[in-house]
Amino acid sequence: MLYLDAAATTPVRREALEAMWPYLTGDFGNPSSHHTVGESAARGLARARSQVAEMLGCRPAEIVFTGGGTEADNLAIKGIALGRPRGRHIVTTAIEHEAVLSSIDYLVRTHGFEVSFAPLTAEGLVTPAALAAVLRPDTTLVSIAHANNEIGTVQDLEALTAATRAHRVPFHTDAVQSAGQLPVDVGALGVQALSLSGHKLGAPKGTGVLFVAGALPLEPVLHGGGQERGRRSGTENVAGAVALGVAASLVSLSPVSVAARDDFIAAVLARVPGAQLTGADGAPGARRLPRHASFVFPGTSGESVLLELERRGVVSSSGSACAAGSDEPSHVLTALVVPAEVAQTAVRFTWAADVTAAQLLEVAGLLRESVAAVRSIVA
């Protein structure tokens, strides 16, 4: 079975699993406890914090461990907006992850915030001019993902944060999909907050991180014992944090080759009649994740294509795992004005570094067979 759904989750790396085991056994202490067992756990937690900070190019004190990417997004958006707001206006896009959109919706419904959605190109990109046009004197936060999980589009965060910096507006980015494939140095990106999810990096599910710049006020979402410097109460998941730290330390800082991706996209478009690429185009240098390709196949059913692919030994997805099983078309494709009947034919391929170019080209052939099989049934 060839697994091409890495955007949904990745297996736990052996190094991460081995590193966390001692903190589930002998070093099981509470890191807040002032005795030998607790202090041992605290040292493991501190080491993990430093490893994540090194990947992000920030200070360890700016790292908050969370229960995952969704919690990190919630803490960033609610925490910054309510921390010391200069107004009650938030800017985002219509193609953000539901964790971002739902957090903003909560602020709108419960705290009287207003939201503006920055206009998007057909590829799902925000231009600096489009972002600047929706900023207001009372804008208190901008939240735009580094890379979209469904269509793979990568935003030019350096240019976007330059626009918000001129207005002194904090910028949060969800980097759950980009971390591990693209550099996520917070200084280079220009962001004041950034969310990560451990299980997209080779750490266990239920682990996450929020980077938040030290000078930025943050209202906690969880209240209690004041762990994580008062920003996220609750006894820390030391073993999970240790695994995440090790996974972060193993992320390569070298550019990921896009040649296999581009050849795969070209093969699918050439071999599968009617196939359409979604997100950034397939030209070399396109603003797309290096290990991501997403298509629609008009005249089919995306779920049926997935079943045919699985029969042929290939596992992929129709989009966000968080929305799996929904009868509604993708909110991302809908925002990009893709007709509902076409959006429901979407198939997304995302893969790990060990998947070869030859395997991807083989998948292109199997995809042609799968689409043909579904169309023969529909006809």
# chains A, B, ... in the order shown; residues from 1 in each chain; ligands from 1

$ select_by_dssp --residues "region 139-234 of chain A" --states "strand (DSSP E)" --output "list in words"
Thr139, Thr140, Leu141, Val142, Ser143, Phe171, His172, Thr173, Asp174, Ala193, Leu194, Ser195, Leu196, Ser197, Gly208, Val209, Leu210, Phe211 and Val212 of chain A

$ write_last_selection --atoms "C-alpha atoms" --output "PDB file, in the first residue's frame"
ATOM      1  CA  THR A 139      -7.402  45.797  12.934  1.00  0.00           C
ATOM      2  CA  THR A 140      -6.024  43.833  15.859  1.00  0.00           C
ATOM      3  CA  LEU A 141      -4.894  40.627  14.122  1.00  0.00           C
ATOM      4  CA  VAL A 142      -4.241  39.084  10.702  1.00  0.00           C
ATOM      5  CA  SER A 143      -4.322  35.283  10.414  1.00  0.00           C
ATOM      6  CA  PHE A 171       0.363  38.451  12.082  1.00  0.00           C
ATOM      7  CA  HIS A 172      -0.453  34.818  12.924  1.00  0.00           C
ATOM      8  CA  THR A 173       0.155  31.974  10.504  1.00  0.00           C
ATOM      9  CA  ASP A 174      -0.919  28.350  10.620  1.00  0.00           C
ATOM     10  CA  ALA A 193       2.601  33.937  16.089  1.00  0.00           C
ATOM     11  CA  LEU A 194       2.859  30.552  14.377  1.00  0.00           C
ATOM     12  CA  SER A 195       1.051  27.235  14.913  1.00  0.00           C
ATOM     13  CA  LEU A 196       2.484  23.739  14.476  1.00  0.00           C
ATOM     14  CA  SER A 197       1.057  20.220  14.788  1.00  0.00           C
ATOM     15  CA  GLY A 208       1.358  20.932  19.067  1.00  0.00           C
ATOM     16  CA  VAL A 209       3.144  24.230  19.461  1.00  0.00           C
ATOM     17  CA  LEU A 210       2.322  27.893  19.367  1.00  0.00           C
ATOM     18  CA  PHE A 211       5.145  30.357  18.892  1.00  0.00           C
ATOM     19  CA  VAL A 212       4.117  33.752  20.219  1.00  0.00           C
TER      20      VAL A 212
END

$ residues_around --residues "region 8-17 of chain A" --least-positions-apart "5" --cutoff "8 Å" --atoms "only C-alpha atoms" --output "PDB file with all heavy atoms, in the first residue's frame"
ATOM      1  N   HIS A 199       1.880  15.817  14.765  1.00  0.00           N
ATOM      2  CA  HIS A 199       1.704  14.593  13.978  1.00  0.00           C
ATOM      3  C   HIS A 199       1.896  14.808  12.482  1.00  0.00           C
ATOM      4  O   HIS A 199       1.851  13.854  11.706  1.00  0.00           O
ATOM      5  CB  HIS A 199       0.348  13.934  14.274  1.00  0.00           C
ATOM      6  CG  HIS A 199      -0.850  14.631  13.710  1.00  0.00           C
ATOM      7  ND1 HIS A 199      -1.513  14.186  12.598  1.00  0.00           N
ATOM      8  CD2 HIS A 199      -1.509  15.734  14.118  1.00  0.00           C
ATOM      9  CE1 HIS A 199      -2.544  14.979  12.345  1.00  0.00           C
ATOM     10  NE2 HIS A 199      -2.559  15.924  13.247  1.00  0.00           N
ATOM     11  N   LYS A 200       2.161  16.037  12.058  1.00  0.00           N
ATOM     12  CA  LYS A 200       2.538  16.277  10.668  1.00  0.00           C
ATOM     13  C   LYS A 200       4.062  16.273  10.500  1.00  0.00           C
ATOM     14  O   LYS A 200       4.564  16.379   9.384  1.00  0.00           O
ATOM     15  CB  LYS A 200       1.975  17.622  10.183  1.00  0.00           C
ATOM     16  CG  LYS A 200       0.474  17.805  10.387  1.00  0.00           C
ATOM     17  CD  LYS A 200      -0.356  16.805   9.632  1.00  0.00           C
ATOM     18  CE  LYS A 200      -1.834  16.913   9.977  1.00  0.00           C
ATOM     19  NZ  LYS A 200      -2.496  18.122   9.494  1.00  0.00           N
ATOM     20  N   LEU A 201       4.773  16.157  11.637  1.00  0.00           N
ATOM     21  CA  LEU A 201       6.233  16.196  11.621  1.00  0.00           C
ATOM     22  C   LEU A 201       6.873  14.868  12.024  1.00  0.00           C
ATOM     23  O   LEU A 201       8.089  14.762  12.040  1.00  0.00           O
ATOM     24  CB  LEU A 201       6.741  17.279  12.586  1.00  0.00           C
ATOM     25  CG  LEU A 201       6.502  18.732  12.199  1.00  0.00           C
ATOM     26  CD1 LEU A 201       6.903  19.645  13.348  1.00  0.00           C
ATOM     27  CD2 LEU A 201       7.282  19.088  10.945  1.00  0.00           C
ATOM     28  N   GLY A 202       6.047  13.885  12.386  1.00  0.00           N
ATOM     29  CA  GLY A 202       6.593  12.618  12.850  1.00  0.00           C
ATOM     30  C   GLY A 202       6.545  12.448  14.351  1.00  0.00           C
ATOM     31  O   GLY A 202       7.176  11.545  14.903  1.00  0.00           O
ATOM     32  N   ALA A 203       5.805  13.319  15.037  1.00  0.00           N
ATOM     33  CA  ALA A 203       5.548  13.169  16.468  1.00  0.00           C
ATOM     34  C   ALA A 203       4.137  12.599  16.641  1.00  0.00           C
ATOM     35  O   ALA A 203       3.373  12.521  15.680  1.00  0.00           O
ATOM     36  CB  ALA A 203       5.685  14.519  17.178  1.00  0.00           C
ATOM     37  N   PRO A 204       3.743  12.211  17.859  1.00  0.00           N
ATOM     38  CA  PRO A 204       2.403  11.641  18.034  1.00  0.00           C
ATOM     39  C   PRO A 204       1.291  12.664  17.847  1.00  0.00           C
ATOM     40  O   PRO A 204       1.500  13.870  17.971  1.00  0.00           O
ATOM     41  CB  PRO A 204       2.427  11.152  19.494  1.00  0.00           C
ATOM     42  CG  PRO A 204       3.855  11.104  19.884  1.00  0.00           C
ATOM     43  CD  PRO A 204       4.545  12.163  19.091  1.00  0.00           C
ATOM     44  N   VAL A 242       8.600  15.949  24.196  1.00  0.00           N
ATOM     45  CA  VAL A 242       9.938  15.421  23.899  1.00  0.00           C
ATOM     46  C   VAL A 242       9.973  14.833  22.490  1.00  0.00           C
ATOM     47  O   VAL A 242      10.916  15.072  21.717  1.00  0.00           O
ATOM     48  CB  VAL A 242      10.342  14.364  24.947  1.00  0.00           C
ATOM     49  CG1 VAL A 242      11.551  13.560  24.489  1.00  0.00           C
ATOM     50  CG2 VAL A 242      10.629  15.041  26.288  1.00  0.00           C
ATOM     51  N   ALA A 243       8.951  14.076  22.127  1.00  0.00           N
ATOM     52  CA  ALA A 243       8.888  13.507  20.784  1.00  0.00           C
ATOM     53  C   ALA A 243       8.820  14.604  19.729  1.00  0.00           C
ATOM     54  O   ALA A 243       9.477  14.523  18.679  1.00  0.00           O
ATOM     55  CB  ALA A 243       7.673  12.583  20.666  1.00  0.00           C
ATOM     56  N   LEU A 244       8.031  15.639  20.003  1.00  0.00           N
ATOM     57  CA  LEU A 244       7.914  16.743  19.052  1.00  0.00           C
ATOM     58  C   LEU A 244       9.251  17.466  18.905  1.00  0.00           C
ATOM     59  O   LEU A 244       9.667  17.848  17.804  1.00  0.00           O
ATOM     60  CB  LEU A 244       6.824  17.712  19.509  1.00  0.00           C
ATOM     61  CG  LEU A 244       6.184  18.615  18.443  1.00  0.00           C
ATOM     62  CD1 LEU A 244       4.892  19.215  18.970  1.00  0.00           C
ATOM     63  CD2 LEU A 244       7.105  19.724  17.981  1.00  0.00           C
ATOM     64  N   VAL A 246      12.257  16.200  19.280  1.00  0.00           N
ATOM     65  CA  VAL A 246      13.155  15.366  18.477  1.00  0.00           C
ATOM     66  C   VAL A 246      12.753  15.433  17.005  1.00  0.00           C
ATOM     67  O   VAL A 246      13.610  15.568  16.116  1.00  0.00           O
ATOM     68  CB  VAL A 246      13.141  13.916  18.987  1.00  0.00           C
ATOM     69  CG1 VAL A 246      13.841  12.984  17.996  1.00  0.00           C
ATOM     70  CG2 VAL A 246      13.813  13.835  20.342  1.00  0.00           C
ATOM     71  N   ALA A 247      11.453  15.342  16.720  1.00  0.00           N
ATOM     72  CA  ALA A 247      10.995  15.435  15.329  1.00  0.00           C
ATOM     73  C   ALA A 247      11.399  16.772  14.713  1.00  0.00           C
ATOM     74  O   ALA A 247      11.836  16.834  13.561  1.00  0.00           O
ATOM     75  CB  ALA A 247       9.481  15.249  15.264  1.00  0.00           C
ATOM     76  N   SER A 320      -9.266  17.970   3.336  1.00  0.00           N
ATOM     77  CA  SER A 320      -8.966  17.996   4.759  1.00  0.00           C
ATOM     78  C   SER A 320      -9.573  16.790   5.471  1.00  0.00           C
ATOM     79  O   SER A 320     -10.758  16.492   5.307  1.00  0.00           O
ATOM     80  CB  SER A 320      -9.506  19.285   5.388  1.00  0.00           C
ATOM     81  OG  SER A 320      -9.358  19.258   6.790  1.00  0.00           O
ATOM     82  N   ALA A 321      -8.742  16.114   6.273  1.00  0.00           N
ATOM     83  CA  ALA A 321      -9.243  14.981   7.053  1.00  0.00           C
ATOM     84  C   ALA A 321     -10.286  15.432   8.062  1.00  0.00           C
ATOM     85  O   ALA A 321     -11.155  14.656   8.458  1.00  0.00           O
ATOM     86  CB  ALA A 321      -8.078  14.285   7.765  1.00  0.00           C
ATOM     87  N   ALA A 352       5.289  11.632   1.779  1.00  0.00           N
ATOM     88  CA  ALA A 352       6.471  11.801   2.619  1.00  0.00           C
ATOM     89  C   ALA A 352       7.727  11.782   1.754  1.00  0.00           C
ATOM     90  O   ALA A 352       7.682  11.467   0.557  1.00  0.00           O
ATOM     91  CB  ALA A 352       6.527  10.694   3.670  1.00  0.00           C
TER      92      ALA A 352
END

$ residues_around --residues "Leu101 (chain A)" --least-positions-apart "6" --cutoff "12 Å" --atoms "only C-alpha atoms" --output "number ranges by chain"
A: 70, 73-74, 77-78, 90-95, 107-108, 115-117, 143-145, 174, 331-332

$ residues_around --residues "Ser50 (chain A)" --least-positions-apart "2" --cutoff "9 Å" --atoms "only C-alpha atoms" --output "list in words"
Leu45, Ala46, Arg47, Ala48, Val52, Ala53, Glu54, Met55, Arg59, Pro60, Ala61, Ile63 and Gly245 of chain A

$ closest_residue --among "A:Ala6, A:Ala280, A:Ala41, A:Val258" --to "Pro22 (chain A)" --atoms "only C-alpha atoms"
A:Ala41

$ atom_distance --atom1 "CA of Asn149 (chain A)" --atom2 "CA of Gln177 (chain A)"
6.0 Å

$ closest_atom_pairs --of "region 171-240 of chain A" --to "region 30-39 of chain A" --cutoff "9 Å" --atoms "only C-alpha atoms" --output "JSON lines"
{"residue": "A:Gln227", "atom": "CA", "partner": "A:Ser32", "partner_atom": "CA", "distance": 8.1}
{"residue": "A:Thr235", "atom": "CA", "partner": "A:Asn30", "partner_atom": "CA", "distance": 7.0}
{"residue": "A:Glu236", "atom": "CA", "partner": "A:Pro31", "partner_atom": "CA", "distance": 7.5}
{"residue": "A:Val238", "atom": "CA", "partner": "A:Pro31", "partner_atom": "CA", "distance": 7.7}

$ write_last_selection --atoms "N, CA and C atoms" --output "PDB file, in the first residue's frame"
ATOM      1  N   GLN A 227       0.557  26.782  33.948  1.00  0.00           N
ATOM      2  CA  GLN A 227       1.712  26.214  33.262  1.00  0.00           C
ATOM      3  C   GLN A 227       2.005  26.981  31.970  1.00  0.00           C
ATOM      4  N   THR A 235      -1.180  20.248  33.130  1.00  0.00           N
ATOM      5  CA  THR A 235       0.091  19.531  33.215  1.00  0.00           C
ATOM      6  C   THR A 235       0.571  19.162  31.817  1.00  0.00           C
ATOM      7  N   GLU A 236       1.803  19.522  31.516  1.00  0.00           N
ATOM      8  CA  GLU A 236       2.309  19.330  30.160  1.00  0.00           C
ATOM      9  C   GLU A 236       2.430  17.852  29.795  1.00  0.00           C
ATOM     10  N   VAL A 238       4.686  15.774  28.714  1.00  0.00           N
ATOM     11  CA  VAL A 238       6.146  15.797  28.590  1.00  0.00           C
ATOM     12  C   VAL A 238       6.620  14.838  27.510  1.00  0.00           C
TER      13      VAL A 238
END

$ closest_atom_pairs --of "region 225-282 of chain A" --to "region 297-307 of chain A" --cutoff "12 Å" --atoms "only C-alpha atoms" --output "CSV"
residue,atom,partner,partner_atom,distance
A:Val268,CA,A:Phe297,CA,10.7
A:Leu269,CA,A:Phe297,CA,10.3
A:Val272,CA,A:Phe297,CA,8.5
A:Pro273,CA,A:Phe297,CA,8.3
A:Gly274,CA,A:Phe297,CA,6.2
A:Ala275,CA,A:Phe297,CA,5.0
A:Gln276,CA,A:Phe297,CA,6.5
A:Leu277,CA,A:Phe297,CA,9.1
A:Thr278,CA,A:Phe297,CA,10.5

$ write_last_selection --atoms "C-alpha atoms" --output "PDB file, in the first residue's frame"
ATOM      1  CA  VAL A 268      -1.648  13.355 -14.423  1.00  0.00           C
ATOM      2  CA  LEU A 269      -2.689  16.254 -16.635  1.00  0.00           C
ATOM      3  CA  VAL A 272      -6.159  11.635 -17.280  1.00  0.00           C
ATOM      4  CA  PRO A 273      -8.692  13.213 -19.648  1.00  0.00           C
ATOM      5  CA  GLY A 274     -10.338  16.310 -18.173  1.00  0.00           C
ATOM      6  CA  ALA A 275      -8.066  16.471 -15.109  1.00  0.00           C
ATOM      7  CA  GLN A 276      -7.689  19.970 -13.685  1.00  0.00           C
ATOM      8  CA  LEU A 277      -5.048  21.083 -11.195  1.00  0.00           C
ATOM      9  CA  THR A 278      -6.251  23.108  -8.198  1.00  0.00           C
TER      10      THR A 278
END

$ residues_around --residues "Val251 (chain A)" --least-positions-apart "2" --cutoff "6 Å" --atoms "only C-alpha atoms" --output "PyMOL selection string"
chain A and resi 180+248-249
